[in-house]
Amino acid sequence: MIRLHRYLVLTVLCLVALGAAEPVSKLRLLVIGNSFSGNALQFLDEIVAAADCTLEVKHLSIGGSPLALHWGKAEKALKDPQDPEGQYNKDGSGGTLPENLTKGPWDVVTIQQYSRAAHDPATYRPFADQLVGLIRERAPQARICIQQTWAYRIDDPRFDGGPKSDLPNAEDMHNRVRAAYVGVAKDLTLEVIPSGEAFWSAGTDATWGFKVDTQWNNKTAEFPSLPEQRHSLHIGWSWSQKDGKRTLGFDGRHANKTGEYLAGCVWFETLYRRSVVGNTFRPKEISAEDATFLQQVAHRVVMAETTRK
């Protein structure tokens with residue numbers, strides 16, 4: 001009886017944390033973003049299917065695009081729907097943002113800031129306001145969500161004090177990015193998809209979190225040598241080959257398969273208002289133990305985000 005009571009209490013708390021909103025089983029999703037939203041969408045279809053839910057998604061993506069660029073394209077399309085500069089995809093096959101918004105009804109429309117600028121609140125305005133205004137005008141039925149993007153990996157050159165370094169460390173980036181997204185979401189009454197919060201929670205976990213391999217030196221490394229990167233959520237160090245030449249590269253910004261799975265879990269739980277814990281899908285690159293941990297992180301972070309509101 002005590003166990004049953006405890007289970008019922010936890011169930012009620014979960015429902016409260018998810019906003020006491022009705023779970024969703026079918027979703028039409030319009031995503032306005034860039035490669036970071038592409039990372040989040042990578043495994044979302046499979047996670048959704050494993051939960052016996054359905055998803056229809058259209059992704060209006062421009063690599064490295066800030067909110068200003070998306071609004072600029074929308075503005076051109078509003079003035080002239082045939083203007084190639086207002087179209088998505090080089091051949092115009094993606095259509096325009098105003099056109100896509102009216103092709104709904106969309107259940108959810110998402111936006112996000114370019115990761116390099118996401119720490120600076122000034123870069124969001126007035127473009128977020130203008131995009132949200134257009135969405136509410138053309139798709140009034142849609143929930144509007146903003147994805148909190150993630151901080152770069154702790155060993156990213158952005159934090160090395162060099163010429164391109166503009167932030168002291170990953171923690172500072174995370175805190176400033178978080179504050180900027182929460183501020184805009186509050187001002188414009190948007191839901192936050194806390195992908196960046198989940199990345200930080202998992203990446204800094206005392207037991208599971210990523211740690212830099214200090215025994216490995218990229219300046220002396222020869223193929224196929226790579227550092228220990230277990231539990232990295234970012235691509236990190238990798239070798240590529242072009243014209244027979246091997247090149248060592250580093251990407252501390254974009255998500256790897258583990259990060260993509262974590263972001264997908266966060267998106268699923270936020271958008272469908274269902275717990276992702278116990279979802280049977282996991283990419284082959286991720287162990288069952290790690291998948292369970294990532295699901296639990298996503299669940300905990302989304303519940304915290306919902307109760308924050």
# chains A, B, ... in the order shown; residues from 1 in each chain; ligands from 1
>>> residues_around(residues="segment 167-180 of chain A", least_positions_apart="3", cutoff="6 Å", atoms="only C-alpha atoms", output="number ranges by chain")
A: 118-119, 121, 151, 154, 159, 183
>>> residues_around(residues="segment 253-259 of chain A", least_positions_apart="4", cutoff="8 Å", atoms="only C-alpha atoms", output="list in words")
Ser35, Phe36, Asn39, Ala151, Tyr152, Arg153, Asp156, Phe199, His231, Ser232, Leu233, His234, Ile235, Ala263, Pro283, Glu285 and Ile286 of chain A
>>> write_last_selection(atoms="N, CA and C atoms", output="PDB file, in the first residue's frame")
ATOM      1  N   SER A  35      21.883  24.050 -38.233  1.00  0.00           N
ATOM      2  CA  SER A  35      22.409  22.709 -37.969  1.00  0.00           C
ATOM      3  C   SER A  35      22.121  22.226 -36.552  1.00  0.00           C
ATOM      4  N   PHE A  36      21.964  23.139 -35.598  1.00  0.00           N
ATOM      5  CA  PHE A  36      21.665  22.710 -34.232  1.00  0.00           C
ATOM      6  C   PHE A  36      20.249  22.143 -34.122  1.00  0.00           C
ATOM      7  N   ASN A  39      20.559  18.740 -35.593  1.00  0.00           N
ATOM      8  CA  ASN A  39      21.043  17.787 -34.588  1.00  0.00           C
ATOM      9  C   ASN A  39      19.898  17.251 -33.747  1.00  0.00           C
ATOM     10  N   ALA A 151      26.028  24.961 -24.910  1.00  0.00           N
ATOM     11  CA  ALA A 151      27.379  25.522 -24.875  1.00  0.00           C
ATOM     12  C   ALA A 151      28.322  24.615 -25.651  1.00  0.00           C
ATOM     13  N   TYR A 152      29.402  25.184 -26.154  1.00  0.00           N
ATOM     14  CA  TYR A 152      30.408  24.400 -26.858  1.00  0.00           C
ATOM     15  C   TYR A 152      31.167  23.519 -25.861  1.00  0.00           C
ATOM     16  N   ARG A 153      31.870  22.515 -26.393  1.00  0.00           N
ATOM     17  CA  ARG A 153      32.579  21.591 -25.513  1.00  0.00           C
ATOM     18  C   ARG A 153      33.639  22.345 -24.712  1.00  0.00           C
ATOM     19  N   ASP A 156      36.761  23.595 -26.414  1.00  0.00           N
ATOM     20  CA  ASP A 156      36.624  24.289 -27.693  1.00  0.00           C
ATOM     21  C   ASP A 156      37.562  25.502 -27.730  1.00  0.00           C
ATOM     22  N   PHE A 199      22.305  19.210 -22.017  1.00  0.00           N
ATOM     23  CA  PHE A 199      23.717  19.011 -22.350  1.00  0.00           C
ATOM     24  C   PHE A 199      24.595  19.347 -21.147  1.00  0.00           C
ATOM     25  N   HIS A 231      31.603   9.713 -23.580  1.00  0.00           N
ATOM     26  CA  HIS A 231      30.571  10.562 -22.993  1.00  0.00           C
ATOM     27  C   HIS A 231      30.619  12.010 -23.488  1.00  0.00           C
ATOM     28  N   SER A 232      31.389  12.254 -24.535  1.00  0.00           N
ATOM     29  CA  SER A 232      31.292  13.569 -25.171  1.00  0.00           C
ATOM     30  C   SER A 232      29.932  13.672 -25.843  1.00  0.00           C
ATOM     31  N   LEU A 233      29.327  14.839 -25.767  1.00  0.00           N
ATOM     32  CA  LEU A 233      28.059  15.100 -26.449  1.00  0.00           C
ATOM     33  C   LEU A 233      28.286  15.863 -27.750  1.00  0.00           C
ATOM     34  N   HIS A 234      29.533  16.275 -27.976  1.00  0.00           N
ATOM     35  CA  HIS A 234      29.922  17.008 -29.178  1.00  0.00           C
ATOM     36  C   HIS A 234      30.808  16.114 -30.048  1.00  0.00           C
ATOM     37  N   ILE A 235      30.953  16.478 -31.313  1.00  0.00           N
ATOM     38  CA  ILE A 235      31.742  15.664 -32.242  1.00  0.00           C
ATOM     39  C   ILE A 235      33.185  15.556 -31.783  1.00  0.00           C
ATOM     40  N   ALA A 263      19.302  15.447 -27.238  1.00  0.00           N
ATOM     41  CA  ALA A 263      18.449  16.546 -27.704  1.00  0.00           C
ATOM     42  C   ALA A 263      17.106  16.021 -28.199  1.00  0.00           C
ATOM     43  N   PRO A 283      20.051   4.620 -30.550  1.00  0.00           N
ATOM     44  CA  PRO A 283      20.967   4.409 -31.673  1.00  0.00           C
ATOM     45  C   PRO A 283      21.971   3.312 -31.340  1.00  0.00           C
ATOM     46  N   GLU A 285      25.010   3.260 -31.663  1.00  0.00           N
ATOM     47  CA  GLU A 285      26.252   3.784 -31.102  1.00  0.00           C
ATOM     48  C   GLU A 285      26.182   4.007 -29.592  1.00  0.00           C
ATOM     49  N   ILE A 286      24.990   3.905 -29.017  1.00  0.00           N
ATOM     50  CA  ILE A 286      24.790   4.244 -27.604  1.00  0.00           C
ATOM     51  C   ILE A 286      24.392   2.996 -26.821  1.00  0.00           C
TER      52      ILE A 286
END
>>> residues_around(residues="segment 288-302 of chain A", least_positions_apart="5", cutoff="10 Å", atoms="only C-alpha atoms", output="MDAnalysis selection string")
chainID A and resid 14 17:18 192:202 205 208 231 258:259 261:270 273:283 307:308
>>> atom_distance(atom1="atom CA of Leu44 of chain A", atom2="atom CA of Trp150 of chain A")
17.5 Å
>>> residues_around(residues="Val184 of chain A", least_positions_apart="5", cutoff="9 Å", atoms="only C-alpha atoms", output="PyMOL selection string")
chain A and resi 121+124-125+128-129+146+179+189-190
>>> select_by_dssp(residues="segment 28-252 of chain A", states="strand (DSSP E)", output="PyMOL selection string")
chain A and resi 28-33+54-61+108-111+143-147+191-193+234-242+245-252
>>> atom_distance(atom1="atom CA of Glu99 of chain A", atom2="atom CA of Tyr181 of chain A")
26.7 Å
>>> closest_residue(among="A:Thr96, A:Ser61, A:Gln42, A:Thr102", to="Arg138 of chain A", atoms="only C-alpha atoms")
A:Thr102
>>> atom_distance(atom1="atom CA of Pro23 of chain A", atom2="atom CA of Leu97 of chain A")
28.0 Å
